[in-house]
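Trainee: Got a file for you: upload_12.cif, mmCIF, C-alpha atoms, pLDDT in the B column; chains and numbers go by the auth columns.
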```cif
data_my_file
loop_
_atom_site.group_PDB
_atom_site.id
_atom_site.type_symbol
_atom_site.label_atom_id
_atom_site.label_comp_id
_atom_site.label_asym_id
_atom_site.label_seq_id
_atom_site.Cartn_x
_atom_site.Cartn_y
_atom_site.Cartn_z
_atom_site.B_iso_or_equiv
_atom_site.auth_seq_id
_atom_site.auth_asym_id
ATOM 1 C CA MET A 1 12.274 -35.079 40.002 31.00 14 L
ATOM 2 C CA HIS A 2 9.750 -37.306 38.276 31.00 15 L
ATOM 3 C CA ALA A 3 9.497 -36.633 34.541 33.00 16 L
ATOM 4 C CA SER A 4 5.810 -35.761 34.797 34.00 17 L
ATOM 5 C CA HIS A 5 6.677 -32.920 37.175 37.00 18 L
ATOM 6 C CA MET A 6 9.408 -31.344 35.014 40.00 19 L
ATOM 7 C CA PHE A 7 8.968 -28.055 33.198 48.00 20 L
ATOM 8 C CA LYS A 8 8.167 -28.783 29.552 51.00 21 L
ATOM 9 C CA TRP A 9 11.408 -27.058 28.489 52.00 22 L
ATOM 10 C CA GLN A 10 13.615 -28.516 31.237 63.00 23 L
ATOM 11 C CA LYS A 11 16.675 -30.526 30.235 65.00 24 L
ATOM 12 C CA PRO A 12 17.888 -33.196 32.699 67.00 25 L
ATOM 13 C CA VAL A 13 21.434 -32.548 33.959 67.00 26 L
ATOM 14 C CA THR A 14 23.720 -35.560 34.283 65.00 27 L
ATOM 15 C CA ASP A 15 27.147 -33.962 33.740 78.00 28 L
ATOM 16 C CA PRO A 16 28.576 -32.744 37.095 83.00 29 L
ATOM 17 C CA GLU A 17 30.591 -30.017 35.345 89.00 30 L
ATOM 18 C CA VAL A 18 27.412 -28.651 33.776 90.00 31 L
ATOM 19 C CA ALA A 19 25.604 -28.896 37.109 91.00 32 L
ATOM 20 C CA LYS A 20 28.229 -26.605 38.678 93.00 33 L
ATOM 21 C CA ARG A 21 27.150 -23.841 36.282 95.00 34 L
ATOM 22 C CA ILE A 22 23.494 -23.905 37.342 94.00 35 L
ATOM 23 C CA PRO A 23 22.637 -21.750 40.381 95.00 36 L
ATOM 24 C CA PRO A 24 20.414 -23.062 43.201 95.00 37 L
ATOM 25 C CA GLY A 25 16.747 -23.376 42.345 93.00 38 L
ATOM 26 C CA GLN A 26 17.327 -23.224 38.575 94.00 39 L
ATOM 27 C CA VAL A 27 16.592 -25.754 35.821 91.00 40 L
ATOM 28 C CA LEU A 28 18.431 -26.077 32.524 92.00 41 L
ATOM 29 C CA THR A 29 16.797 -25.302 29.191 91.00 42 L
ATOM 30 C CA GLU A 30 17.966 -25.280 25.581 83.00 43 L
ATOM 31 C CA LYS A 31 14.997 -23.103 24.634 82.00 44 L
ATOM 32 C CA PHE A 32 14.861 -19.342 25.155 80.00 45 L
ATOM 33 C CA PRO A 33 11.648 -18.567 27.070 71.00 46 L
ATOM 34 C CA VAL A 34 10.162 -15.135 26.442 75.00 47 L
ATOM 35 C CA LEU A 35 9.210 -13.061 29.479 68.00 48 L
ATOM 36 C CA HIS A 36 8.557 -9.333 29.625 62.00 49 L
ATOM 37 C CA PHE A 37 6.079 -6.738 30.844 62.00 50 L
ATOM 38 C CA GLY A 38 3.996 -4.801 28.327 70.00 51 L
ATOM 39 C CA ARG A 39 3.894 -4.935 24.546 82.00 52 L
ATOM 40 C CA VAL A 40 6.825 -5.552 22.226 90.00 53 L
ATOM 41 C CA PRO A 41 7.998 -2.316 20.552 91.00 54 L
ATOM 42 C CA GLU A 42 8.017 -2.116 16.767 90.00 55 L
ATOM 43 C CA TYR A 43 10.816 -0.476 14.792 92.00 56 L
ATOM 44 C CA PRO A 44 9.788 -0.199 11.145 88.00 57 L
ATOM 45 C CA ASP A 45 12.479 2.428 10.550 90.00 58 L
ATOM 46 C CA LEU A 46 15.682 2.578 12.612 96.00 59 L
ATOM 47 C CA SER A 47 16.549 5.947 11.087 93.00 60 L
ATOM 48 C CA ARG A 48 14.567 7.483 13.961 92.00 61 L
ATOM 49 C CA TRP A 49 16.247 5.366 16.641 97.00 62 L
ATOM 50 C CA ASP A 50 18.864 6.970 18.867 97.00 63 L
ATOM 51 C CA PHE A 51 20.874 6.029 21.931 98.00 64 L
ATOM 52 C CA ARG A 52 21.923 8.345 24.775 98.00 65 L
ATOM 53 C CA VAL A 53 24.817 8.044 27.217 98.00 66 L
ATOM 54 C CA PHE A 54 24.392 10.616 29.962 98.00 67 L
ATOM 55 C CA GLY A 55 24.429 11.377 33.679 98.00 68 L
ATOM 56 C CA ASP A 56 27.514 12.003 35.795 98.00 69 L
ATOM 57 C CA VAL A 57 29.966 11.822 32.901 98.00 70 L
ATOM 58 C CA GLU A 58 32.485 14.169 31.347 98.00 71 L
ATOM 59 C CA THR A 59 31.440 13.369 27.783 98.00 72 L
ATOM 60 C CA PRO A 60 27.718 12.649 27.291 98.00 73 L
ATOM 61 C CA PHE A 61 26.821 11.619 23.753 98.00 74 L
ATOM 62 C CA THR A 62 23.959 10.517 21.530 98.00 75 L
ATOM 63 C CA LEU A 63 24.286 8.135 18.573 98.00 76 L
ATOM 64 C CA ASN A 64 21.969 7.072 15.785 98.00 77 L
ATOM 65 C CA TRP A 65 21.796 3.418 14.731 98.00 78 L
ATOM 66 C CA THR A 66 24.456 3.720 12.037 97.00 79 L
ATOM 67 C CA GLU A 67 26.828 5.466 14.430 98.00 80 L
ATOM 68 C CA PHE A 68 26.174 2.939 17.174 98.00 81 L
ATOM 69 C CA ARG A 69 26.908 0.028 14.846 98.00 82 L
ATOM 70 C CA ALA A 70 30.202 1.684 13.900 98.00 83 L
ATOM 71 C CA LEU A 71 31.510 1.328 17.482 98.00 84 L
ATOM 72 C CA PRO A 72 34.075 -1.419 18.223 98.00 85 L
ATOM 73 C CA VAL A 73 32.428 -4.843 18.306 98.00 86 L
ATOM 74 C CA SER A 74 32.852 -7.387 21.109 98.00 87 L
ATOM 75 C CA GLU A 75 31.544 -10.944 21.350 98.00 88 L
ATOM 76 C CA MET A 76 30.909 -12.828 24.586 97.00 89 L
ATOM 77 C CA THR A 77 29.699 -16.312 25.498 97.00 90 L
ATOM 78 C CA LEU A 78 28.086 -16.662 28.917 95.00 91 L
ATOM 79 C CA ASP A 79 25.423 -18.430 30.947 96.00 92 L
ATOM 80 C CA ILE A 80 22.149 -16.632 31.652 95.00 93 L
ATOM 81 C CA HIS A 81 19.726 -17.216 34.525 95.00 94 L
ATOM 82 C CA CYS A 82 16.128 -16.035 34.746 93.00 95 L
ATOM 83 C CA VAL A 83 14.381 -15.324 38.047 93.00 96 L
ATOM 84 C CA THR A 84 11.566 -17.601 36.833 91.00 97 L
ATOM 85 C CA ARG A 85 14.019 -20.474 37.410 92.00 98 L
ATOM 86 C CA TRP A 86 15.404 -21.330 33.979 92.00 99 L
ATOM 87 C CA SER A 87 19.081 -21.225 33.039 94.00 100 L
ATOM 88 C CA LYS A 88 20.495 -21.290 29.514 95.00 101 L
ATOM 89 C CA LEU A 89 24.187 -22.066 29.189 96.00 102 L
ATOM 90 C CA GLY A 90 26.736 -20.972 26.626 95.00 103 L
ATOM 91 C CA THR A 91 24.780 -18.151 25.003 96.00 104 L
ATOM 92 C CA THR A 92 26.751 -16.019 22.533 97.00 105 L
ATOM 93 C CA TRP A 93 26.156 -12.284 22.122 98.00 106 L
ATOM 94 C CA LYS A 94 27.685 -9.610 19.917 98.00 107 L
ATOM 95 C CA GLY A 95 27.606 -5.866 20.504 98.00 108 L
ATOM 96 C CA VAL A 96 29.496 -3.029 22.156 98.00 109 L
ATOM 97 C CA SER A 97 31.200 -3.582 25.495 98.00 110 L
ATOM 98 C CA MET A 98 30.108 -1.447 28.415 98.00 111 L
ATOM 99 C CA THR A 99 33.770 -0.809 29.157 98.00 112 L
ATOM 100 C CA HIS A 100 34.051 0.941 25.792 98.00 113 L
ATOM 101 C CA ILE A 101 30.956 3.043 26.516 98.00 114 L
ATOM 102 C CA ALA A 102 32.516 4.083 29.826 98.00 115 L
ATOM 103 C CA GLU A 103 35.864 4.886 28.200 98.00 116 L
ATOM 104 C CA VAL A 104 34.143 7.297 25.819 98.00 117 L
ATOM 105 C CA ALA A 105 31.760 8.806 28.397 98.00 118 L
ATOM 106 C CA GLN A 106 34.352 9.133 31.201 98.00 119 L
ATOM 107 C CA PRO A 107 32.225 8.682 34.355 98.00 120 L
ATOM 108 C CA ARG A 108 33.059 11.156 37.102 98.00 121 L
ATOM 109 C CA PRO A 109 34.776 9.915 40.301 96.00 122 L
ATOM 110 C CA GLY A 110 31.562 9.751 42.335 96.00 123 L
ATOM 111 C CA VAL A 111 29.737 7.393 39.962 98.00 124 L
ATOM 112 C CA ARG A 112 28.741 4.123 41.597 98.00 125 L
ATOM 113 C CA PHE A 113 25.767 2.894 39.538 98.00 126 L
ATOM 114 C CA VAL A 114 24.520 2.424 35.997 98.00 127 L
ATOM 115 C CA ILE A 115 20.856 2.821 35.050 98.00 128 L
ATOM 116 C CA PHE A 116 19.743 1.183 31.809 98.00 129 L
ATOM 117 C CA HIS A 117 16.901 3.079 30.112 98.00 130 L
ATOM 118 C CA ALA A 118 14.595 1.220 27.738 97.00 131 L
ATOM 119 C CA GLU A 119 11.375 1.850 25.829 95.00 132 L
ATOM 120 C CA TYR A 120 8.200 2.877 27.699 93.00 133 L
ATOM 121 C CA GLY A 121 10.226 4.323 30.583 93.00 134 L
ATOM 122 C CA TYR A 122 11.472 0.902 31.744 94.00 135 L
ATOM 123 C CA THR A 123 14.747 0.942 33.700 97.00 136 L
ATOM 124 C CA SER A 124 17.065 -1.530 35.379 97.00 137 L
ATOM 125 C CA ASN A 125 19.926 -0.681 37.729 98.00 138 L
ATOM 126 C CA VAL A 126 23.269 -2.284 38.604 98.00 139 L
ATOM 127 C CA PRO A 127 26.386 -1.216 40.499 98.00 140 L
ATOM 128 C CA LEU A 128 29.103 0.254 38.302 98.00 141 L
ATOM 129 C CA GLU A 129 31.458 -2.681 38.864 97.00 142 L
ATOM 130 C CA ILE A 130 28.780 -5.087 37.601 97.00 143 L
ATOM 131 C CA ALA A 131 28.051 -2.935 34.541 98.00 144 L
ATOM 132 C CA LEU A 132 31.765 -2.854 33.726 97.00 145 L
ATOM 133 C CA ASP A 133 32.265 -6.604 34.006 96.00 146 L
ATOM 134 C CA PRO A 134 34.348 -7.687 30.968 95.00 147 L
ATOM 135 C CA GLY A 135 31.352 -9.691 29.712 95.00 148 L
ATOM 136 C CA ALA A 136 28.818 -6.855 29.905 98.00 149 L
ATOM 137 C CA LEU A 137 27.544 -5.803 26.479 98.00 150 L
ATOM 138 C CA LEU A 138 25.015 -3.687 24.689 98.00 151 L
ATOM 139 C CA ALA A 139 24.046 -6.425 22.258 98.00 152 L
ATOM 140 C CA TRP A 140 22.299 -6.485 18.890 98.00 153 L
ATOM 141 C CA ASP A 141 23.113 -10.091 17.959 98.00 154 L
ATOM 142 C CA PHE A 142 22.291 -13.410 19.624 97.00 155 L
ATOM 143 C CA ASP A 143 23.678 -16.719 18.382 94.00 156 L
ATOM 144 C CA GLY A 144 24.889 -15.186 15.133 95.00 157 L
ATOM 145 C CA LYS A 145 21.604 -13.506 14.233 96.00 158 L
ATOM 146 C CA PRO A 146 20.010 -10.106 14.913 96.00 159 L
ATOM 147 C CA LEU A 147 17.930 -10.065 18.086 96.00 160 L
ATOM 148 C CA GLU A 148 14.340 -11.143 17.639 94.00 161 L
ATOM 149 C CA ALA A 149 11.731 -8.552 18.581 94.00 162 L
ATOM 150 C CA GLU A 150 10.634 -10.349 21.751 93.00 163 L
ATOM 151 C CA HIS A 151 14.262 -10.664 22.889 93.00 164 L
ATOM 152 C CA GLY A 152 14.979 -6.954 22.658 95.00 165 L
ATOM 153 C CA TYR A 153 15.546 -5.929 19.014 97.00 166 L
ATOM 154 C CA PRO A 154 17.354 -3.814 18.098 98.00 167 L
ATOM 155 C CA LEU A 155 19.446 -3.546 21.294 98.00 168 L
ATOM 156 C CA ARG A 156 19.519 -4.980 24.786 97.00 169 L
ATOM 157 C CA ALA A 157 21.853 -4.962 27.764 98.00 170 L
ATOM 158 C CA ILE A 158 23.664 -8.152 28.746 98.00 171 L
ATOM 159 C CA VAL A 159 24.674 -8.159 32.410 97.00 172 L
ATOM 160 C CA PRO A 160 26.670 -11.248 33.487 96.00 173 L
ATOM 161 C CA GLY A 161 26.228 -12.710 36.944 94.00 174 L
ATOM 162 C CA ARG A 162 22.768 -11.294 37.660 97.00 175 L
ATOM 163 C CA TYR A 163 19.246 -12.549 37.048 95.00 176 L
ATOM 164 C CA PHE A 164 18.307 -11.787 33.482 93.00 177 L
ATOM 165 C CA TRP A 165 15.756 -9.043 34.197 94.00 178 L
ATOM 166 C CA LYS A 166 18.761 -6.773 34.815 96.00 179 L
ATOM 167 C CA SER A 167 19.630 -7.200 31.103 96.00 180 L
ATOM 168 C CA ALA A 168 17.072 -4.671 29.886 96.00 181 L
ATOM 169 C CA LYS A 169 15.512 -5.188 26.450 96.00 182 L
ATOM 170 C CA TRP A 170 14.777 -2.477 23.845 97.00 183 L
ATOM 171 C CA LEU A 171 17.545 -0.308 25.227 98.00 184 L
ATOM 172 C CA ARG A 172 17.643 3.413 24.461 98.00 185 L
ATOM 173 C CA GLY A 173 20.173 4.796 26.910 98.00 186 L
ATOM 174 C CA VAL A 174 22.739 4.308 29.659 98.00 187 L
ATOM 175 C CA GLU A 175 22.959 6.661 32.618 98.00 188 L
ATOM 176 C CA PHE A 176 25.941 6.835 34.968 98.00 189 L
ATOM 177 C CA SER A 177 24.860 7.889 38.447 98.00 190 L
ATOM 178 C CA ALA A 178 26.272 8.584 41.902 98.00 191 L
ATOM 179 C CA GLU A 179 22.984 7.402 43.411 97.00 192 L
ATOM 180 C CA ASP A 180 21.209 4.089 43.027 97.00 193 L
ATOM 181 C CA ARG A 181 17.674 4.208 41.607 96.00 194 L
ATOM 182 C CA PRO A 182 15.732 0.935 41.644 95.00 195 L
ATOM 183 C CA GLY A 183 14.348 -0.065 38.256 94.00 196 L
ATOM 184 C CA PHE A 184 10.895 -1.307 37.258 93.00 197 L
ATOM 185 C CA TRP A 185 11.119 -4.800 38.716 90.00 198 L
ATOM 186 C CA GLU A 186 12.995 -3.657 41.811 93.00 199 L
ATOM 187 C CA ARG A 187 10.172 -1.218 42.554 93.00 200 L
ATOM 188 C CA ASN A 188 7.730 -4.094 42.173 91.00 201 L
ATOM 189 C CA GLY A 189 9.157 -6.481 44.739 92.00 202 L
ATOM 190 C CA TYR A 190 12.261 -7.957 43.134 93.00 203 L
ATOM 191 C CA SER A 191 15.728 -7.971 44.691 94.00 204 L
ATOM 192 C CA ASN A 192 17.945 -4.982 44.017 94.00 205 L
ATOM 193 C CA SER A 193 21.106 -7.091 43.916 94.00 206 L
ATOM 194 C CA ALA A 194 19.696 -10.084 41.943 94.00 207 L
ATOM 195 C CA ASP A 195 22.573 -12.514 42.483 95.00 208 L
ATOM 196 C CA PRO A 196 21.399 -15.946 41.225 95.00 209 L
ATOM 197 C CA TRP A 197 24.032 -17.822 43.234 95.00 210 L
ATOM 198 C CA ARG A 198 22.511 -16.401 46.416 94.00 211 L
ATOM 199 C CA GLU A 199 18.941 -16.802 45.118 94.00 212 L
ATOM 200 C CA GLU A 200 18.322 -13.085 45.538 94.00 213 L
ATOM 201 C CA ARG A 201 15.002 -13.179 43.729 93.00 214 L
ATOM 202 C CA TYR A 202 12.760 -10.908 45.778 91.00 215 L
ATOM 203 C CA SER A 203 13.089 -7.908 48.031 83.00 216 L
ATOM 204 C CA ASP A 204 13.029 -8.259 51.799 62.00 217 L
ATOM 205 C CA PHE A 205 10.927 -5.101 52.058 49.00 218 L
#
```
Would you mind writing the structure in this file as structure tokens?

Mentor:
Amino acid sequence: MHASHMFKWQKPVTDPEVAKRIPPGQVLTEKFPVLHFGRVPEYPDLSRWDFRVFGDVETPFTLNWTEFRALPVSEMTLDIHCVTRWSKLGTTWKGVSMTHIAEVAQPRPGVRFVIFHAEYGYTSNVPLEIALDPGALLAWDFDGKPLEAEHGYPLRAIVPGRYFWKSAKWLRGVEFSAEDRPGFWERNGYSNSADPWREERYSDF
């Protein structure tokens, strides 16, 4: 690709080992482009913030911010890939693992999906096995610092192995469900499965 035709944030890839980590149709960036629908929520006082875990579970629960931050902390480093064709490698996140959330909530045997609920009624959906990937987090920290507002402060989902819109920002709840329910972007023409290695960007319907 001629330099004049590159995205302004694109980084040329010369290392073959790095190239193996970039899915088809993606370009590498060291920046962190901001993409979302609607306005950025403001949280002047987290004392009113709460987080629900509900649905087809034996033990639904609700936590305030202090209680949520008291949960066991996990840290993960992973590559992220946006449907708008940028990839950012080696990102480090800190938060609570989804496996821990599931251990506390105890999903019932028929559960097959997880629905992430965020501000303004936004949702994203993934199969249970994707949500319980060892790298899946509910994260409050990126690169050693609290999330910036436009990146999901105070909490966002991190879903490895799927285009980044599945990692819902401004998270307020997790629902375990026997039935799949397409989220905001899935209802607006994006792929339900969102596998970047298969370039599952858009719906066939």

Trainee: Under the rule that only C-alpha atoms are counted, which of L:Thr136, L:Gln119, L:Asn201, L:Ser180 is the nearest residue to Val70 (chain L)?

Mentor: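 So, comparing all the options, the nearest one is L:Gln119.
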
Trainee: Applying the PyMOL selection byres ((chain L and resi 53) around 8) to the file I just gave you, which residues come out? Please list them as a list in words.

Mentor: Gly51, Arg52, Pro54, Glu55, Ala162 and Glu163 of chain L

Trainee: List, as a CSV table (one decimal) with C-alpha atoms, keeping the file's coordinate frame, every residue that the PyMOL selection byres ((chain L and resi 152) around 10) selects in the file provided.

Mentor:
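So the final result, stored in out_17.csv, reads:
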```csv
chain,number,residue,atom,x,y,z
L,86,VAL,CA,32.4,-4.8,18.3
L,87,SER,CA,32.9,-7.4,21.1
L,88,GLU,CA,31.5,-10.9,21.4
L,89,MET,CA,30.9,-12.8,24.6
L,105,THR,CA,26.8,-16.0,22.5
L,106,TRP,CA,26.2,-12.3,22.1
L,107,LYS,CA,27.7,-9.6,19.9
L,108,GLY,CA,27.6,-5.9,20.5
L,109,VAL,CA,29.5,-3.0,22.2
L,110,SER,CA,31.2,-3.6,25.5
L,111,MET,CA,30.1,-1.4,28.4
L,149,ALA,CA,28.8,-6.9,29.9
L,150,LEU,CA,27.5,-5.8,26.5
L,151,LEU,CA,25.0,-3.7,24.7
L,153,TRP,CA,22.3,-6.5,18.9
L,154,ASP,CA,23.1,-10.1,18.0
L,155,PHE,CA,22.3,-13.4,19.6
L,159,PRO,CA,20.0,-10.1,14.9
L,160,LEU,CA,17.9,-10.1,18.1
L,165,GLY,CA,15.0,-7.0,22.7
L,166,TYR,CA,15.5,-5.9,19.0
L,167,PRO,CA,17.4,-3.8,18.1
L,168,LEU,CA,19.4,-3.5,21.3
L,169,ARG,CA,19.5,-5.0,24.8
L,170,ALA,CA,21.9,-5.0,27.8
L,171,ILE,CA,23.7,-8.2,28.7
L,180,SER,CA,19.6,-7.2,31.1
L,182,LYS,CA,15.5,-5.2,26.4
L,184,LEU,CA,17.5,-0.3,25.2
```

Trainee: Using the chain letters and numbers from the file, give me the residues hit by the PyMOL selection byres ((chain L and resi 208) around 12), as a CSV table (one decimal) with C-alpha atoms, in the frame of the given file.

Mentor:
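Dumped everything to part_12.csv:
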```csv
chain,number,residue,atom,x,y,z
L,36,PRO,CA,22.6,-21.8,40.4
L,37,PRO,CA,20.4,-23.1,43.2
L,93,ILE,CA,22.1,-16.6,31.7
L,94,HIS,CA,19.7,-17.2,34.5
L,95,CYS,CA,16.1,-16.0,34.7
L,96,VAL,CA,14.4,-15.3,38.0
L,139,VAL,CA,23.3,-2.3,38.6
L,143,ILE,CA,28.8,-5.1,37.6
L,172,VAL,CA,24.7,-8.2,32.4
L,173,PRO,CA,26.7,-11.2,33.5
L,174,GLY,CA,26.2,-12.7,36.9
L,175,ARG,CA,22.8,-11.3,37.7
L,176,TYR,CA,19.2,-12.5,37.0
L,177,PHE,CA,18.3,-11.8,33.5
L,178,TRP,CA,15.8,-9.0,34.2
L,179,LYS,CA,18.8,-6.8,34.8
L,203,TYR,CA,12.3,-8.0,43.1
L,204,SER,CA,15.7,-8.0,44.7
L,205,ASN,CA,17.9,-5.0,44.0
L,206,SER,CA,21.1,-7.1,43.9
L,207,ALA,CA,19.7,-10.1,41.9
L,209,PRO,CA,21.4,-15.9,41.2
L,210,TRP,CA,24.0,-17.8,43.2
L,211,ARG,CA,22.5,-16.4,46.4
L,212,GLU,CA,18.9,-16.8,45.1
L,213,GLU,CA,18.3,-13.1,45.5
L,214,ARG,CA,15.0,-13.2,43.7
L,215,TYR,CA,12.8,-10.9,45.8
L,216,SER,CA,13.1,-7.9,48.0
```

Trainee: To one decimal in Å, tell me the separation between CA of Thr97 (chain L) and CA of Tyr56 (chain L).

Mentor: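 The value is 27.9 Å.
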
Trainee: For CA of Pro195 (chain L) and CA of Ile35 (chain L), quote the distance in Å rounded to one decimal.

Mentor: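 Result for CA of Pro195 (chain L) versus CA of Ile35 (chain L): 26.4 Å, one decimal.
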